[in-house]
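Engineer: Dropping in input11.cif, with mmCIF, C-alpha atoms.
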```
data_protein
loop_
_atom_site.group_PDB
_atom_site.id
_atom_site.type_symbol
_atom_site.label_atom_id
_atom_site.label_comp_id
_atom_site.auth_asym_id
_atom_site.auth_seq_id
_atom_site.Cartn_x
_atom_site.Cartn_y
_atom_site.Cartn_z
ATOM 1 C CA MET A 1 9.326 -8.760 36.195
ATOM 2 C CA LYS A 2 5.918 -7.586 34.965
ATOM 3 C CA LEU A 3 3.027 -9.960 34.291
ATOM 4 C CA ALA A 4 -0.103 -8.983 32.336
ATOM 5 C CA VAL A 5 -3.442 -10.807 32.632
ATOM 6 C CA THR A 6 -6.521 -10.110 30.481
ATOM 7 C CA THR A 7 -9.629 -9.816 32.680
ATOM 8 C CA LEU A 8 -13.301 -8.874 32.641
ATOM 9 C CA GLY A 9 -12.876 -6.489 35.591
ATOM 10 C CA LYS A 10 -10.458 -4.184 37.383
ATOM 11 C CA THR A 11 -9.411 -6.471 40.228
ATOM 12 C CA ARG A 12 -7.460 -9.659 40.726
ATOM 13 C CA LEU A 13 -10.692 -11.402 41.773
ATOM 14 C CA ASP A 14 -12.350 -10.798 38.407
ATOM 15 C CA PRO A 15 -12.534 -13.586 35.803
ATOM 16 C CA VAL A 16 -10.013 -13.889 33.024
ATOM 17 C CA ASP A 17 -11.061 -12.461 29.642
ATOM 18 C CA GLN A 18 -10.299 -15.023 26.930
ATOM 19 C CA ARG A 19 -9.909 -12.234 24.363
ATOM 20 C CA PHE A 20 -6.702 -10.265 23.962
ATOM 21 C CA GLY A 21 -7.127 -7.251 21.673
ATOM 22 C CA ARG A 22 -10.653 -6.582 22.876
ATOM 23 C CA ALA A 23 -10.179 -7.652 26.485
ATOM 24 C CA GLU A 24 -12.128 -5.443 28.873
ATOM 25 C CA TYR A 25 -9.059 -4.906 31.068
ATOM 26 C CA ILE A 26 -5.448 -5.929 31.302
ATOM 27 C CA LEU A 27 -4.083 -6.056 34.833
ATOM 28 C CA ILE A 28 -0.353 -5.620 35.372
ATOM 29 C CA PHE A 29 1.355 -7.320 38.332
ATOM 30 C CA ASP A 30 4.904 -7.577 39.628
ATOM 31 C CA GLU A 31 6.570 -10.912 40.416
ATOM 32 C CA ASN A 32 5.167 -10.744 43.976
ATOM 33 C CA ASN A 33 1.570 -10.495 42.663
ATOM 34 C CA VAL A 34 1.264 -6.808 43.587
ATOM 35 C CA GLN A 35 -1.081 -5.082 41.140
ATOM 36 C CA LEU A 36 0.802 -2.232 39.468
ATOM 37 C CA ASP A 37 -1.679 -1.010 36.854
ATOM 38 C CA CYS A 38 -4.993 -1.599 35.126
ATOM 39 C CA ILE A 39 -5.332 -0.874 31.414
ATOM 40 C CA GLU A 40 -8.965 -0.290 30.495
ATOM 41 C CA GLN A 41 -9.688 -1.381 26.959
ATOM 42 C CA GLY A 42 -13.297 -2.483 26.428
ATOM 43 C CA SER A 43 -15.229 -0.089 24.199
ATOM 44 C CA LEU A 44 -12.101 2.031 23.676
ATOM 45 C CA ALA A 45 -10.679 -0.580 21.299
ATOM 46 C CA PRO A 46 -10.232 0.690 17.746
ATOM 47 C CA ALA A 47 -12.567 -0.660 15.058
ATOM 48 C CA SER A 48 -9.645 -2.596 13.583
ATOM 49 C CA GLY A 49 -6.132 -3.382 14.728
ATOM 50 C CA ALA A 50 -7.072 -3.727 18.420
ATOM 51 C CA GLY A 51 -4.702 -6.661 18.938
ATOM 52 C CA ILE A 52 -1.757 -4.890 17.350
ATOM 53 C CA ALA A 53 -2.418 -1.710 19.361
ATOM 54 C CA MET A 54 -2.649 -3.614 22.644
ATOM 55 C CA ALA A 55 0.438 -5.693 21.833
ATOM 56 C CA GLN A 56 2.433 -2.518 21.263
ATOM 57 C CA LYS A 57 1.154 -1.041 24.564
ATOM 58 C CA LEU A 58 2.405 -4.092 26.432
ATOM 59 C CA ILE A 59 5.774 -4.000 24.696
ATOM 60 C CA ASP A 60 6.118 -0.292 25.511
ATOM 61 C CA ALA A 61 5.157 -1.001 29.151
ATOM 62 C CA GLY A 62 8.003 -3.514 29.490
ATOM 63 C CA ILE A 63 5.767 -6.539 30.099
ATOM 64 C CA ASP A 64 7.663 -9.829 30.520
ATOM 65 C CA VAL A 65 4.757 -12.312 30.657
ATOM 66 C CA LEU A 66 1.270 -12.203 29.107
ATOM 67 C CA ILE A 67 -1.471 -14.566 30.261
ATOM 68 C CA THR A 68 -4.521 -14.512 27.988
ATOM 69 C CA GLY A 69 -6.914 -16.746 26.119
ATOM 70 C CA HIS A 70 -6.672 -16.230 22.391
ATOM 71 C CA LEU A 71 -4.257 -14.200 20.273
ATOM 72 C CA GLY A 72 -5.308 -13.342 16.739
ATOM 73 C CA PRO A 73 -2.735 -13.619 13.943
ATOM 74 C CA ASN A 74 -1.797 -9.930 13.931
ATOM 75 C CA ALA A 75 -1.312 -9.686 17.702
ATOM 76 C CA TRP A 76 0.544 -13.019 17.606
ATOM 77 C CA GLN A 77 2.928 -11.728 14.955
ATOM 78 C CA VAL A 78 3.801 -8.629 17.005
ATOM 79 C CA LEU A 79 4.049 -10.409 20.367
ATOM 80 C CA SER A 80 5.951 -13.464 19.148
ATOM 81 C CA ALA A 81 8.607 -11.139 17.724
ATOM 82 C CA SER A 82 8.974 -9.479 21.144
ATOM 83 C CA ASP A 83 10.587 -10.755 24.344
ATOM 84 C CA ILE A 84 7.191 -11.227 26.037
ATOM 85 C CA ARG A 85 6.524 -14.828 27.084
ATOM 86 C CA LEU A 86 2.984 -15.865 26.131
ATOM 87 C CA TYR A 87 0.823 -18.241 28.186
ATOM 88 C CA GLU A 88 -2.687 -19.608 27.759
ATOM 89 C CA ALA A 89 -5.041 -18.656 30.581
ATOM 90 C CA VAL A 90 -6.861 -21.280 32.626
ATOM 91 C CA GLU A 91 -10.459 -20.866 33.789
ATOM 92 C CA GLY A 92 -10.803 -18.618 36.808
ATOM 93 C CA THR A 93 -9.732 -15.237 38.121
ATOM 94 C CA ALA A 94 -6.596 -13.174 37.637
ATOM 95 C CA ASP A 95 -5.402 -14.611 40.968
ATOM 96 C CA ASP A 96 -5.840 -18.118 39.565
ATOM 97 C CA GLN A 97 -3.663 -17.179 36.579
ATOM 98 C CA LEU A 98 -0.911 -15.824 38.816
ATOM 99 C CA SER A 99 -0.978 -18.938 41.012
ATOM 100 C CA ALA A 100 -0.833 -21.199 37.961
ATOM 101 C CA TRP A 101 2.068 -19.197 36.517
ATOM 102 C CA HIS A 102 4.061 -19.383 39.767
ATOM 103 C CA GLN A 103 3.435 -23.161 39.840
ATOM 104 C CA ASP A 104 4.627 -23.450 36.221
ATOM 105 C CA ALA A 105 1.188 -24.863 35.339
ATOM 106 C CA LEU A 106 0.345 -22.691 32.305
ATOM 107 C CA SER A 107 0.836 -23.807 28.716
ATOM 108 C CA PRO A 108 2.829 -21.562 26.384
ATOM 109 C CA ILE A 109 0.918 -20.096 23.449
ATOM 110 C CA SER A 110 2.800 -21.391 20.435
ATOM 111 C CA ALA A 111 0.560 -20.315 17.552
ATOM 112 C CA ALA A 112 -1.974 -17.680 16.568
ATOM 113 C CA GLY A 113 -5.670 -18.299 17.035
ATOM 114 C CA GLN A 114 -8.579 -17.269 14.861
ATOM 115 C CA ALA A 115 -8.755 -13.624 13.728
ATOM 116 C CA HIS A 116 -11.519 -11.343 15.052
ATOM 117 C CA ARG A 117 -12.545 -13.782 17.777
ATOM 118 C CA GLY A 118 -13.477 -10.966 20.161
ATOM 119 C CA ARG A 119 -15.831 -9.020 17.894
ATOM 120 C CA SER A 120 -19.516 -9.117 18.635
#
```
Translate this file's structure into structure tokens.
Structural biologist:
Amino acid sequence: MKLAVTTLGKTRLDPVDQRFGRAEYILIFDENNVQLDCIEQGSLAPASGAGIAMAQKLIDAGIDVLITGHLGPNAWQVLSASDIRLYEAVEGTADDQLSAWHQDALSPISAAGQAHRGRS
């Protein structure tokens, strides 16, 4: 089982990033909360299609669970057609997300959010 959490930093103690396609980082954990990988996104995100590109990366990486804030319509379309289970992040760190997931305290994401929410 692989869990992905969008964050503002490279460690499990960093706060969750509410954005998906333009999240600064996506941390990958196993079911025992061991950090397996860190995908650096930030300024490397394409000018358009960032959500779709990141969704495809997670599908290709064999992610089972994604914990994030907001999914735009394009990322939602790709991810909802995959086997990845989607959950809405709570306030706090990546560790807080993992704890909430293990306690079955996260809400499923059941619809797309607003497009281009992460652009400045």
Engineer: Translate the PyMOL selection byres ((chain A and resi 2) around 12), as applied to the file shown, into an explicit residue set as a PyMOL selection string.
Structural biologist: chain A and resi 1+3-5+27-37+58-67+84-85+98
Engineer: Please evaluate the PyMOL selection byres ((chain A and resi 23) around 10) against the displayed coordinates and give the resulting residues as a VMD selection string.
Structural biologist: chain A and resid 5 to 9 16 to 22 24 to 26 39 to 43 45 50 to 51 54 68 to 69 118
Engineer: How far is it from CA of Ile52 (chain A) to CA of Gln103 (chain A), in Å with one decimal?
Structural biologist: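 Interatomic distance here is 29.4 Å.
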Engineer: For CA of Asp14 (chain A) and CA of Gln114 (chain A), quote the distance in Å rounded to one decimal.
Structural biologist: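 According to the coordinates, CA of Asp14 (chain A) and CA of Gln114 (chain A) are separated by 24.7 Å.
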Engineer: Figure out the distance between CA of Ala81 (chain A) and CA of Lys10 (chain A), please, to one decimal in Å.
Structural biologist: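 These atoms are spaced 28.3 Å apart.
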Engineer: I would like the residues chosen by the PyMOL selection byres ((chain A and resi 93) around 9) on the shown file; could you give them as a PyMOL selection string?
Structural biologist: chain A and resi 7+12-16+90-92+94-98
Engineer: Using only C-alpha atoms, find the one residue out of A:Cys38, A:Ala100, A:Ala53, A:Ala89 that sits nearest to His70 (chain A).
Structural biologist: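 Counting only C-alpha atoms, the residue closest to His70 (chain A) is A:Ala89.
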Engineer: From the options A:Leu71, A:Ser99, A:Ser80, A:Tyr87, which residue's atoms come nearest to Gly113 (chain A), counting only C-alpha atoms?
Structural biologist: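 Using only C-alpha atoms, the shortest distance to Gly113 (chain A) belongs to A:Leu71.
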